[in-house]
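Participant: My structure is in my_file_11.txt, and what it holds is compact mmCIF, C-alpha atoms:
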# COMPACT_ATOMS: atom_id res chain seq x y z
CA MET A 1 143.56 94.91 115.94
CA GLY A 2 147.00 96.05 114.84
CA ALA A 3 147.81 97.64 111.53
CA ASP A 4 149.68 94.51 110.39
CA THR A 5 146.86 92.14 111.31
CA PRO A 6 145.40 90.68 108.10
CA GLN A 7 141.71 91.15 107.44
CA LEU A 8 139.29 89.73 104.93
CA PRO A 9 138.03 92.12 102.27
CA VAL A 10 134.59 93.60 102.91
CA ILE A 11 132.17 93.57 99.99
CA TYR A 12 129.15 95.88 100.06
CA LEU A 13 126.02 94.27 98.65
CA SER A 14 123.58 96.54 100.45
CA ASP A 15 123.29 99.09 97.65
CA GLN A 16 119.70 98.98 96.40
CA THR A 17 120.91 100.18 92.98
CA LEU A 18 123.10 97.09 92.59
CA LYS A 19 121.62 95.54 89.46
CA PRO A 20 123.17 93.17 86.91
CA GLY A 21 124.58 95.16 84.01
CA SER A 22 125.15 98.35 85.99
CA GLU A 23 128.54 99.95 86.58
CA LYS A 24 128.13 99.35 90.30
CA TRP A 25 127.47 95.66 89.65
CA ALA A 26 130.66 95.36 87.58
CA GLU A 27 132.66 97.11 90.30
CA VAL A 28 131.36 94.87 93.08
CA ARG A 29 131.70 91.77 90.91
CA SER A 30 135.38 92.55 90.42
CA GLY A 31 135.83 92.87 94.18
CA VAL A 32 134.10 89.54 94.81
CA ARG A 33 136.33 87.75 92.33
CA LYS A 34 139.53 89.30 93.69
CA ALA A 35 138.56 88.39 97.25
CA LEU A 36 137.86 84.77 96.32
CA GLU A 37 141.04 84.52 94.26
CA GLU A 38 143.20 85.81 97.10
CA TYR A 39 141.41 84.57 100.23
CA GLY A 40 138.63 82.23 99.12
CA ALA A 41 136.39 84.18 101.49
CA PHE A 42 135.16 87.66 102.29
CA GLU A 43 132.91 89.54 104.64
CA VAL A 44 129.80 90.95 103.06
CA SER A 45 127.77 93.91 104.25
CA TYR A 46 124.21 92.87 103.48
CA ASP A 47 121.37 94.86 105.00
CA ARG A 48 118.55 92.94 103.33
CA VAL A 49 118.30 90.79 106.43
CA THR A 50 116.67 93.07 108.98
CA GLU A 51 117.83 93.32 112.57
CA GLU A 52 114.37 92.22 113.64
CA LEU A 53 114.63 89.05 111.57
CA LYS A 54 118.11 88.27 112.91
CA LYS A 55 116.86 88.73 116.47
CA SER A 56 113.86 86.49 115.80
CA VAL A 57 116.11 83.75 114.43
CA LEU A 58 118.40 84.04 117.46
CA ASP A 59 115.40 83.77 119.79
CA ALA A 60 114.28 80.69 117.88
CA MET A 61 117.75 79.12 118.15
CA ILE A 62 117.92 79.74 121.89
CA GLU A 63 114.48 78.22 122.30
CA LEU A 64 115.39 75.16 120.25
CA PHE A 65 118.68 74.53 122.03
CA GLU A 66 116.93 74.79 125.40
CA LEU A 67 114.71 71.84 124.50
CA PRO A 68 115.39 68.57 126.34
CA VAL A 69 118.09 66.44 124.75
CA GLU A 70 115.58 63.74 123.87
CA ALA A 71 113.61 66.30 121.85
CA LYS A 72 116.68 67.56 119.98
CA GLN A 73 117.74 64.00 119.24
CA ARG A 74 114.61 63.63 117.13
CA ASN A 75 116.41 65.82 114.58
CA VAL A 76 117.74 62.88 112.58
CA SER A 77 118.28 62.29 108.88
CA PRO A 78 119.20 59.41 106.56
CA LYS A 79 122.02 61.69 105.49
CA PRO A 80 124.80 61.45 108.09
CA TYR A 81 125.21 64.27 110.58
CA MET A 82 122.40 66.24 109.09
CA GLY A 83 120.66 65.96 112.45
CA TYR A 84 121.40 66.92 116.03
CA SER A 85 125.02 66.59 117.14
CA THR A 86 127.16 67.56 120.12
CA HIS A 87 130.83 67.91 120.90
CA ASN A 88 132.24 67.31 124.36
CA GLY A 89 129.90 69.76 126.04
CA LEU A 90 131.40 72.64 124.03
CA SER A 91 128.99 72.76 121.13
CA GLU A 92 125.81 71.38 119.66
CA SER A 93 124.01 71.87 116.39
CA LEU A 94 120.79 71.17 114.52
CA GLY A 95 120.36 70.66 110.78
CA ILE A 96 117.62 71.58 108.33
CA GLN A 97 117.38 70.34 104.74
CA ASP A 98 115.94 72.85 102.25
CA PRO A 99 115.52 75.61 104.86
CA ASN A 100 114.18 78.01 102.24
CA VAL A 101 111.14 75.76 101.76
CA LEU A 102 108.51 76.46 104.43
CA GLU A 103 107.12 72.93 104.34
CA LYS A 104 110.56 71.50 105.15
CA VAL A 105 111.09 73.90 108.05
CA ASN A 106 107.62 73.05 109.35
CA GLU A 107 108.63 69.38 109.38
CA PHE A 108 111.74 70.30 111.38
CA THR A 109 109.95 72.37 114.05
CA GLN A 110 107.06 69.92 114.32
CA LEU A 111 109.51 67.08 114.84
CA LEU A 112 111.26 68.84 117.71
CA ARG A 113 108.15 70.41 119.23
CA PRO A 114 105.09 68.35 118.28
CA ASP A 115 101.91 70.43 118.16
CA CYS A 116 103.60 73.43 119.76
CA GLU A 117 101.60 76.63 119.35
CA GLY A 118 104.64 78.64 118.26
CA ASN A 119 105.83 76.32 115.50
CA LYS A 120 104.19 78.22 112.65
CA SER A 121 105.82 81.52 113.62
CA MET A 122 109.22 79.90 114.24
CA SER A 123 109.14 78.09 110.90
CA GLU A 124 108.26 81.25 109.03
CA THR A 125 111.09 83.12 110.74
CA ILE A 126 113.72 80.51 109.83
CA GLN A 127 112.40 80.20 106.28
CA LYS A 128 112.45 83.97 105.70
CA PHE A 129 116.01 84.20 107.01
CA SER A 130 117.02 81.30 104.75
CA GLU A 131 115.46 82.96 101.72
CA LYS A 132 117.60 86.04 102.24
CA LEU A 133 120.76 83.95 102.52
CA VAL A 134 119.81 82.04 99.37
CA GLU A 135 119.47 85.39 97.57
CA LEU A 136 122.96 86.30 98.74
CA ASP A 137 124.33 82.91 97.68
CA VAL A 138 122.84 83.21 94.18
CA THR A 139 124.10 86.78 93.80
CA VAL A 140 127.67 85.78 94.68
CA LYS A 141 127.60 82.74 92.39
CA ARG A 142 126.26 84.84 89.53
CA MET A 143 128.98 87.44 90.03
CA VAL A 144 131.74 84.82 90.16
CA ILE A 145 130.60 82.95 87.07
CA GLN A 146 129.80 86.14 85.18
CA SER A 147 133.27 87.52 85.97
CA PHE A 148 134.75 84.64 83.97
CA GLY A 149 132.48 85.34 81.01
CA ILE A 150 130.40 82.17 81.38
CA GLU A 151 127.04 83.53 82.51
CA ASN A 152 125.14 81.26 80.12
CA TYR A 153 126.59 78.33 82.01
CA PHE A 154 125.19 79.73 85.24
CA ASP A 155 121.69 80.14 83.82
CA GLU A 156 121.72 76.62 82.38
CA HIS A 157 123.00 74.92 85.52
CA LEU A 158 121.62 77.08 88.34
CA LYS A 159 118.95 74.58 89.40
CA SER A 160 121.54 71.82 89.84
CA LEU A 161 123.74 74.10 91.95
CA LYS A 162 121.06 75.05 94.47
CA ASN A 163 120.80 72.30 97.05
CA TYR A 164 120.65 73.99 100.43
CA ARG A 165 121.22 72.92 103.99
CA MET A 166 121.24 74.99 107.12
CA ARG A 167 123.04 74.42 110.37
CA LEU A 168 122.05 76.10 113.64
CA MET A 169 125.05 76.10 115.97
CA LYS A 170 125.76 76.84 119.60
CA TYR A 171 129.26 77.05 121.12
CA VAL A 172 130.71 77.72 124.55
CA ALA A 173 134.35 78.38 125.42
CA PRO A 174 136.42 75.53 126.90
CA PRO A 175 136.69 75.91 130.69
CA ASP A 176 140.44 76.56 130.67
CA VAL A 177 140.43 79.21 127.96
CA ASP A 178 142.57 82.25 128.61
CA ALA A 179 141.36 85.77 127.91
CA LYS A 180 144.46 86.43 125.84
CA ASP A 181 143.70 83.43 123.64
CA ALA A 182 141.55 85.55 121.39
CA ASP A 183 144.72 86.96 119.89
CA ASP A 184 147.14 84.08 120.39
CA GLY A 185 145.77 82.02 117.54
CA ALA A 186 145.67 84.79 114.97
CA ASN A 187 149.10 84.08 113.54
CA THR A 188 149.84 80.49 114.39
CA ASN A 189 150.35 77.61 112.01
CA LEU A 190 148.01 74.70 112.24
CA ASN A 191 149.38 71.82 114.28
CA ALA A 192 147.42 68.69 113.56
CA ASN A 193 147.23 65.55 111.60
CA ALA A 194 144.14 66.17 109.55
CA ASP A 195 142.23 64.73 106.69
CA ALA A 196 139.35 66.98 105.84
CA ASP A 197 136.90 66.10 103.15
CA ALA A 198 133.29 65.17 103.40
CA GLY A 199 129.97 65.93 102.04
CA ALA A 200 127.09 64.66 100.02
CA GLY A 201 125.74 61.77 101.93
CA ASP A 202 128.74 60.08 103.38
CA ILE A 203 128.97 56.97 105.50
CA ALA A 204 130.15 57.70 109.01
CA ASN A 205 131.77 55.52 111.63
CA GLY A 206 132.82 57.14 114.85
CA ILE A 207 133.91 56.69 118.42
CA ALA A 208 134.39 60.29 119.42
CA ASN A 209 132.62 63.60 119.63
CA VAL A 210 133.49 66.25 117.10
CA HIS A 211 131.65 69.42 116.26
CA ILE A 212 132.08 71.03 112.89
CA ASP A 213 130.50 73.90 111.01
CA GLU A 214 130.64 71.98 107.79
CA ASP A 215 130.42 68.43 106.61
CA VAL A 216 133.25 66.70 108.37
CA ASN A 217 135.06 63.45 108.87
CA ALA A 218 137.34 63.33 111.86
CA LYS A 219 139.97 61.10 113.34
CA GLY A 220 141.88 61.89 116.46
CA ASP A 221 141.43 64.10 119.46
CA VAL A 222 139.74 67.15 118.15
CA GLY A 223 139.23 68.86 121.42
CA THR A 224 138.13 65.62 123.04
CA GLY A 225 141.36 64.16 124.31
CA GLY A 226 141.13 61.03 122.25
CA GLY A 227 138.91 58.86 120.15
CA ASP A 228 138.29 58.02 116.56
CA ALA A 229 135.52 59.39 114.44
CA ASN A 230 134.65 59.70 110.80
CA HIS A 231 131.87 62.09 110.14
CA ASN A 232 130.20 64.23 107.58
CA GLY A 233 128.13 67.31 107.79
CA ASP A 234 126.16 69.87 105.96
CA ASP A 235 127.26 69.98 102.40
CA ALA A 236 126.07 66.44 101.97
CA ASN A 237 123.40 66.04 99.38
CA THR A 238 123.32 62.33 98.67
CA GLY A 239 122.58 60.29 101.73
CA ASP A 240 124.18 57.04 102.70
CA SER A 241 123.98 55.08 105.90
CA ALA A 242 125.78 56.18 109.04
CA SER A 243 127.14 54.15 111.91
CA VAL A 244 128.26 56.18 114.88
CA LYS A 245 129.07 55.36 118.46
CA SER A 246 128.88 58.90 119.66
CA ASN A 247 127.74 62.30 118.55
CA VAL A 248 129.79 64.02 115.90
CA ASP A 249 128.73 67.54 115.12
CA VAL A 250 129.17 69.07 111.75
CA GLY A 251 127.95 72.00 109.88
CA THR A 252 129.61 71.70 106.46
CA ASP A 253 131.55 69.12 104.51
CA VAL A 254 134.63 68.01 106.38
CA ASN A 255 136.94 65.12 107.14
CA VAL A 256 139.27 65.30 110.07
CA LYS A 257 142.17 63.16 111.21
CA ALA A 258 143.79 64.11 114.49
CA SER A 259 143.07 67.60 115.65
CA VAL A 260 141.91 69.46 112.63
CA GLY A 261 139.41 68.97 110.24
CA ALA A 262 137.08 69.50 107.47
CA ASP A 263 136.51 69.62 103.84
CA VAL A 264 140.10 69.43 102.79
CA ASN A 265 142.95 67.41 104.11
CA VAL A 266 145.33 69.44 106.19
CA GLY A 267 148.10 67.10 106.91
CA THR A 268 150.25 64.45 105.46
CA ILE A 269 149.88 60.78 106.22
CA ALA A 270 152.97 58.88 105.21
CA ASP A 271 151.43 55.63 104.08
CA ALA A 272 148.87 57.46 101.94
CA ASN A 273 151.51 58.74 99.59
CA ALA A 274 151.12 55.76 97.30
CA ASN A 275 147.54 56.78 96.66
CA ILE A 276 147.85 60.49 96.16
CA GLY A 277 150.04 63.05 94.52
CA THR A 278 151.65 65.91 96.32
CA LEU A 279 149.10 68.59 97.02
CA SER A 280 150.57 71.86 95.87
CA SER A 281 150.12 75.09 97.75
CA ALA A 282 148.38 76.44 94.68
CA ASN A 283 145.73 73.75 94.96
CA VAL A 284 145.21 74.24 98.64
CA GLY A 285 145.51 77.98 98.78
CA VAL A 286 147.97 77.85 101.65
CA GLY A 287 151.66 77.13 102.05
CA ASP A 288 153.30 73.80 102.61
CA SER A 289 153.92 74.43 106.28
CA VAL A 290 150.27 73.83 107.12
CA LYS A 291 150.94 70.19 107.82
CA ALA A 292 150.31 67.50 110.32
CA ASN A 293 152.58 67.02 113.26
CA GLY A 294 150.93 63.84 114.40
CA GLY A 295 149.03 65.09 117.43
CA ALA A 296 146.70 67.61 118.95
CA ASP A 297 148.26 70.54 120.73
CA ASP A 298 146.65 72.77 123.33
CA GLU A 299 145.55 75.22 120.67
CA GLU A 300 143.66 72.59 118.70
CA LYS A 301 141.95 71.25 121.80
CA LYS A 302 140.24 74.60 122.23
CA LEU A 303 138.59 74.48 118.84
CA GLY A 304 134.84 74.30 118.57
CA LEU A 305 135.35 73.58 114.88
CA PRO A 306 138.66 72.13 113.68
CA SER A 307 140.52 73.63 110.75
CA HIS A 308 139.13 72.58 107.40
CA THR A 309 138.06 73.58 103.94
CA ASP A 310 134.45 73.12 102.84
CA LYS A 311 133.45 70.48 100.35
CA ASN A 312 130.44 72.33 98.98
CA LEU A 313 130.11 75.26 96.59
CA LEU A 314 129.57 78.23 98.89
CA THR A 315 128.94 78.71 102.60
CA VAL A 316 127.18 81.80 103.93
CA LEU A 317 127.71 82.26 107.68
CA TYR A 318 126.30 84.65 110.25
CA GLN A 319 127.76 84.71 113.76
CA TYR A 320 125.87 86.51 116.50
CA GLU A 321 127.95 89.03 118.46
CA ILE A 322 130.52 86.58 119.81
CA ASP A 323 133.39 86.03 117.41
CA GLY A 324 135.11 82.71 116.86
CA LEU A 325 135.53 82.14 113.12
CA GLU A 326 139.12 82.25 111.87
CA VAL A 327 140.31 82.03 108.25
CA LEU A 328 143.83 81.06 107.19
CA THR A 329 145.56 83.23 104.59
CA LYS A 330 147.94 82.02 101.89
CA ASP A 331 150.88 83.17 104.00
CA GLU A 332 149.58 81.09 106.90
CA LYS A 333 148.19 83.78 109.15
CA TRP A 334 144.88 83.34 110.90
CA ILE A 335 142.36 86.11 110.42
CA ARG A 336 139.96 86.29 113.35
CA LEU A 337 136.68 87.77 112.17
CA LYS A 338 134.93 90.30 114.37
CA PRO A 339 131.21 90.18 113.62
CA ALA A 340 129.38 93.34 112.63
CA HIS A 341 125.63 93.61 112.95
CA ASN A 342 125.07 93.41 109.18
CA SER A 343 128.13 91.33 108.29
CA PHE A 344 127.98 87.84 106.79
CA VAL A 345 130.92 85.68 105.74
CA VAL A 346 131.06 83.93 102.36
CA ILE A 347 133.46 80.98 101.99
CA ALA A 348 134.28 79.08 98.79
CA GLY A 349 134.38 75.29 98.93
CA ASP A 350 136.09 72.51 97.01
CA SER A 351 133.21 72.05 94.56
CA LEU A 352 133.38 75.66 93.42
CA TYR A 353 137.16 75.40 93.30
CA ALA A 354 136.90 72.43 90.92
CA LEU A 355 134.11 74.01 88.89
CA MET A 356 136.25 77.11 88.34
CA ASN A 357 139.29 74.96 87.45
CA GLY A 358 141.29 76.22 90.42
CA ARG A 359 140.88 79.90 89.56
CA LEU A 360 139.67 80.65 93.10
CA SER A 361 141.00 79.74 96.54
CA ARG A 362 139.42 77.37 99.07
CA PRO A 363 140.53 78.52 102.51
CA PHE A 364 141.16 76.63 105.68
CA HIS A 365 139.00 77.96 108.47
CA ARG A 366 138.10 77.01 112.03
CA VAL A 367 136.02 78.10 115.02
CA ARG A 368 137.72 78.99 118.30
CA VAL A 369 135.57 80.40 121.10
CA THR A 370 137.59 82.26 123.72
CA GLU A 371 135.16 84.40 125.71
CA ARG A 372 134.37 82.99 129.12
CA LYS A 373 130.78 82.60 130.28
CA LYS A 374 129.41 83.59 126.90
CA THR A 375 127.58 81.48 124.39
CA ARG A 376 128.27 81.83 120.67
CA TYR A 377 125.42 81.25 118.26
CA SER A 378 125.92 81.05 114.53
CA ILE A 379 123.89 79.99 111.55
CA ALA A 380 125.21 78.79 108.21
CA LEU A 381 123.70 78.09 104.81
CA PHE A 382 125.49 75.57 102.63
CA SER A 383 124.90 75.25 98.90
CA ALA A 384 126.04 72.18 97.02
CA PRO A 385 125.45 70.49 93.67
CA ASP A 386 122.97 67.68 93.16
CA GLY A 387 124.56 64.38 94.07
CA ASP A 388 124.55 63.22 90.43
CA TYR A 389 125.60 66.57 88.99
CA ILE A 390 128.83 66.26 87.00
CA ILE A 391 131.34 68.80 88.24
CA GLU A 392 133.70 69.96 85.52
CA PRO A 393 134.84 73.40 84.43
CA PRO A 394 133.25 75.02 81.37
CA LYS A 395 135.49 74.82 78.30
CA GLU A 396 136.09 78.58 78.55
CA LEU A 397 138.09 78.03 81.75
CA VAL A 398 140.45 75.44 80.26
CA ASP A 399 143.30 76.58 78.01
CA GLU A 400 147.06 76.33 77.62
CA LYS A 401 147.64 78.71 80.50
CA HIS A 402 145.02 77.02 82.66
CA PRO A 403 145.12 73.26 81.96
CA ARG A 404 142.38 71.08 83.37
CA LEU A 405 143.10 70.33 87.04
CA PHE A 406 140.40 67.73 87.69
CA LYS A 407 138.68 64.98 85.79
CA PRO A 408 134.86 65.25 85.70
CA PHE A 409 133.22 63.78 88.78
CA THR A 410 129.89 63.74 90.56
CA TYR A 411 129.47 65.08 94.03
CA ALA A 412 128.12 61.75 95.25
CA ASP A 413 130.99 59.74 93.78
CA LEU A 414 133.54 62.06 95.34
CA MET A 415 131.97 61.49 98.73
CA SER A 416 131.84 57.75 98.20
CA PHE A 417 135.54 57.73 97.38
CA TYR A 418 136.32 59.30 100.72
CA HIS A 419 135.15 56.15 102.45
CA THR A 420 137.61 53.97 100.64
CA GLU A 421 140.95 53.36 102.33
CA ALA A 422 142.70 55.64 99.86
CA GLY A 423 140.11 58.35 100.29
CA ARG A 424 140.21 58.34 104.08
CA ARG A 425 143.97 58.53 104.20
CA SER A 426 144.55 61.00 101.40
CA ARG A 427 145.75 64.49 102.06
CA SER A 428 143.04 65.88 99.78
CA THR A 429 140.12 63.72 98.77
CA LEU A 430 139.43 66.00 95.81
CA ASP A 431 142.99 65.77 94.51
CA ALA A 432 143.34 62.07 95.23
CA TYR A 433 140.09 61.22 93.49
CA SER A 434 139.96 63.61 90.58
CA ALA A 435 143.25 65.45 90.00
CA VAL A 436 144.61 65.23 86.47
CA SER A 437 148.05 63.63 86.49
CA GLY A 438 150.78 66.22 86.05
CA ALA A 439 148.42 69.18 86.42
As C-alpha cells, how would this structure be written, given the file I've shared?
Facilitator:
Amino acid sequence: MGADTPQLPVIYLSDQTLKPGSEKWAEVRSGVRKALEEYGAFEVSYDRVTEELKKSVLDAMIELFELPVEAKQRNVSPKPYMGYSTHNGLSESLGIQDPNVLEKVNEFTQLLRPDCEGNKSMSETIQKFSEKLVELDVTVKRMVIQSFGIENYFDEHLKSLKNYRMRLMKYVAPPDVDAKDADDGANTNLNANADADAGAGDIANGIANVHIDEDVNAKGDVGTGGGDANHNGDDANTGDSASVKSNVDVGTDVNVKASVGADVNVGTIADANANIGTLSSANVGVGDSVKANGGADDEEKKLGLPSHTDKNLLTVLYQYEIDGLEVLTKDEKWIRLKPAHNSFVVIAGDSLYALMNGRLSRPFHRVRVTERKKTRYSIALFSAPDGDYIIEPPKELVDEKHPRLFKPFTYADLMSFYHTEAGRRSRSTLDAYSAVSGA
C-alpha cells in the first residue's frame, strides 16, 4: 500500500482501563467523532472478542453454508431479505434477528438443522460473538452522543436504538477476476445508476439476484448481467410483505438501481428531479462526481456488494482474512480495507446521520472480492431504531450554524416511502422524504 493510499483511521478500544469519565475515554471519544465526521467509518482494534471465539464462529458459518440449499432456504422471515439469499453464484447469506438473544439464535439453528446435536453449542457461539459486537456498538454510540454533550438523550433513548440483526455472509471471486484488480478499484469513481435506500421492513419485488451486506433495493445488472430487483436487507426492523421472483441477498439497508446499491442513492435519475431536491455533497459525504452513468461497467459487475450507504444507525463488520470491503472517501477515492486479526469496521448509516443533524458522514461502501479460489466470510451486526421510533436531532444539535436538515420521521415510514414511485426513483430516499426545504 503506497504512502498516498488513503486509509481509515484506526481506533483502539482494547484498553482495559477505557472507562467513561477517564482521560483515555475522552481521548478515544474525540478520535471516534473525528473519524465519523471525516469518513463516516473507522477500523477498531477490539480484543474483547477472542481468537477462539472468532474461529468458532467461522467454523459455524462454514458448517451452515455447507448445508443443502433446501435447508438454508428455511431461513425465512416476514421481514424481506432477512432470510437466506444468494447472488449469481458469487455470494450467499443468512440472517438472524436479535442475535444477542440466545433463544432467537436457537430458533435459527433449529430451523436450519432440526434436532441436530451441535445446535446448542453453535447457538451459544453465535450469541456470545453477537454480545461482544453489541457491546462495541453501544460503546461507539455512547461516545458519539456524549461528544456532542447530549448523553442524557442517549440514556433516555438507548432501548429504542438497540434493534439488532446479524448477517452471515459468504463470497467468492467472479471467475474472470484479475489478480491486479485488488488495486485497480482503489481510486476509481463509481460508475452506476443507483438508488440505494432500504431498511425497516420494506416491500420487495424482484426479478434478479443481488447480494448486499446491508438492507438493499436494487434495479439493474448488479453483477448479474441484467434483471430488475427491488430488495431490502438487514437494517429492516418493521416487516412488510415481500414479493420476489429470485433471490436477492442483502446484509444491511440498501436500494440499488443499475449497478450499485444500498442505503443511499448513488446516482441521478432524470425524471425523479420533480420529486427531490439536489443532494449536496455535504449531505452525502462524497463529491458530485459519484453519479450514475446509466449502466454497469466491468468494475461494477465484479462486486459482491454494490456501492451503497447504510440505512441503519451503525454497522459493525468483521471480515475473515480475505479482504473485500471498500469505503469511498469524500474526495472520491476507494479505501480497500485489509483485515487484521483483531480489527472490526464501524460504519455510520443514514439514521445516525439524521439523528446527529448531519454532523457525521455516511459513507458509500462496497464489497469486491478479487482473490481467486478463495472464499471470503464476513459477519455484520446492524443496529437500527424501533420502527415507530421518531428520528429527530436533539434540540442541542440544532442552532443558527446548524439548521435542522430533516423533518422528524419514523424508521418505518421512511422505508414505506421508498416503495412509492417518488421514493424508488429518488436519488436519496432520506432527503426526498424528510429533508427540510432550503436546508
Participant: Have a look at CA of Thr309 (chain A) and CA of Met166 (chain A) and let me know their distance in Å, one decimal.
Facilitator: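 That distance, rounded to one decimal, is 17.2 Å.
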Participant: Using all atoms listed in the file, which of the listed residues (A:Met143, A:Val367, A:Ile150, A:Leu430) sits closest to Pro20 (chain A)?
Facilitator: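 Looking only at the distances to Pro20 (chain A), the closest residue turns out to be A:Met143.
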Participant: One number please: CA of Val346 (chain A) to CA of Leu94 (chain A), in Å, one decimal.
Facilitator: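 Going from CA of Val346 (chain A) over to CA of Leu94 (chain A), I get 20.4 Å.
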Participant: Measuring atom to atom with all atoms listed in the file, identify which of A:Ala380, A:Val49, A:Ile347, A:Val28 is nearest to Ser147 (chain A).
Facilitator: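 Smallest distance to Ser147 (chain A) is found for A:Val28.
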Participant: Looking at all atoms listed in the file, which of A:Leu414, A:Val138, A:Val10, A:Ala348 is the one that sits closest to Leu36 (chain A)?
Facilitator: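 Under the stated criterion, the closest residue is A:Ala348.
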Participant: Could you list as JSON, numbers by chain every residue that has an atom within 9 Å of (141.2, 79.7, 106.2), using the file's coordinates and counting all atoms listed in the file?
Facilitator: {"A": [39, 40, 41, 285, 286, 307, 308, 309, 326, 327, 328, 329, 330, 332, 333, 334, 335, 347, 362, 363, 364, 365, 366]}
Participant: Please indicate the distance in Å from CA of Glu38 (chain A) to CA of Gly358 (chain A), rounded to one decimal place.
Facilitator: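 Straight-line distance from CA of Glu38 (chain A) to CA of Gly358 (chain A) works out to 11.8 Å.
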Participant: Pick the closest to Leu53 (chain A) from A:Gln127, A:Ser93, A:Asn312, A:Ser378: which is it, counting only C-alpha atoms?
Facilitator: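 Ranked by minimum distance to Leu53 (chain A), first place goes to A:Gln127.
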Participant: Residues near Glu66 (chain A), anyone? I mean within 12 Å using all atoms listed in the file, not counting same-chain ones fewer than 5 positions away, as a list in words.
Facilitator: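 Close residues of Glu66 (chain A): Asp59, Ala60, Met61, Ala71, Lys72, Glu92, Ser93, Leu112, Arg113 and Lys170 of chain A.
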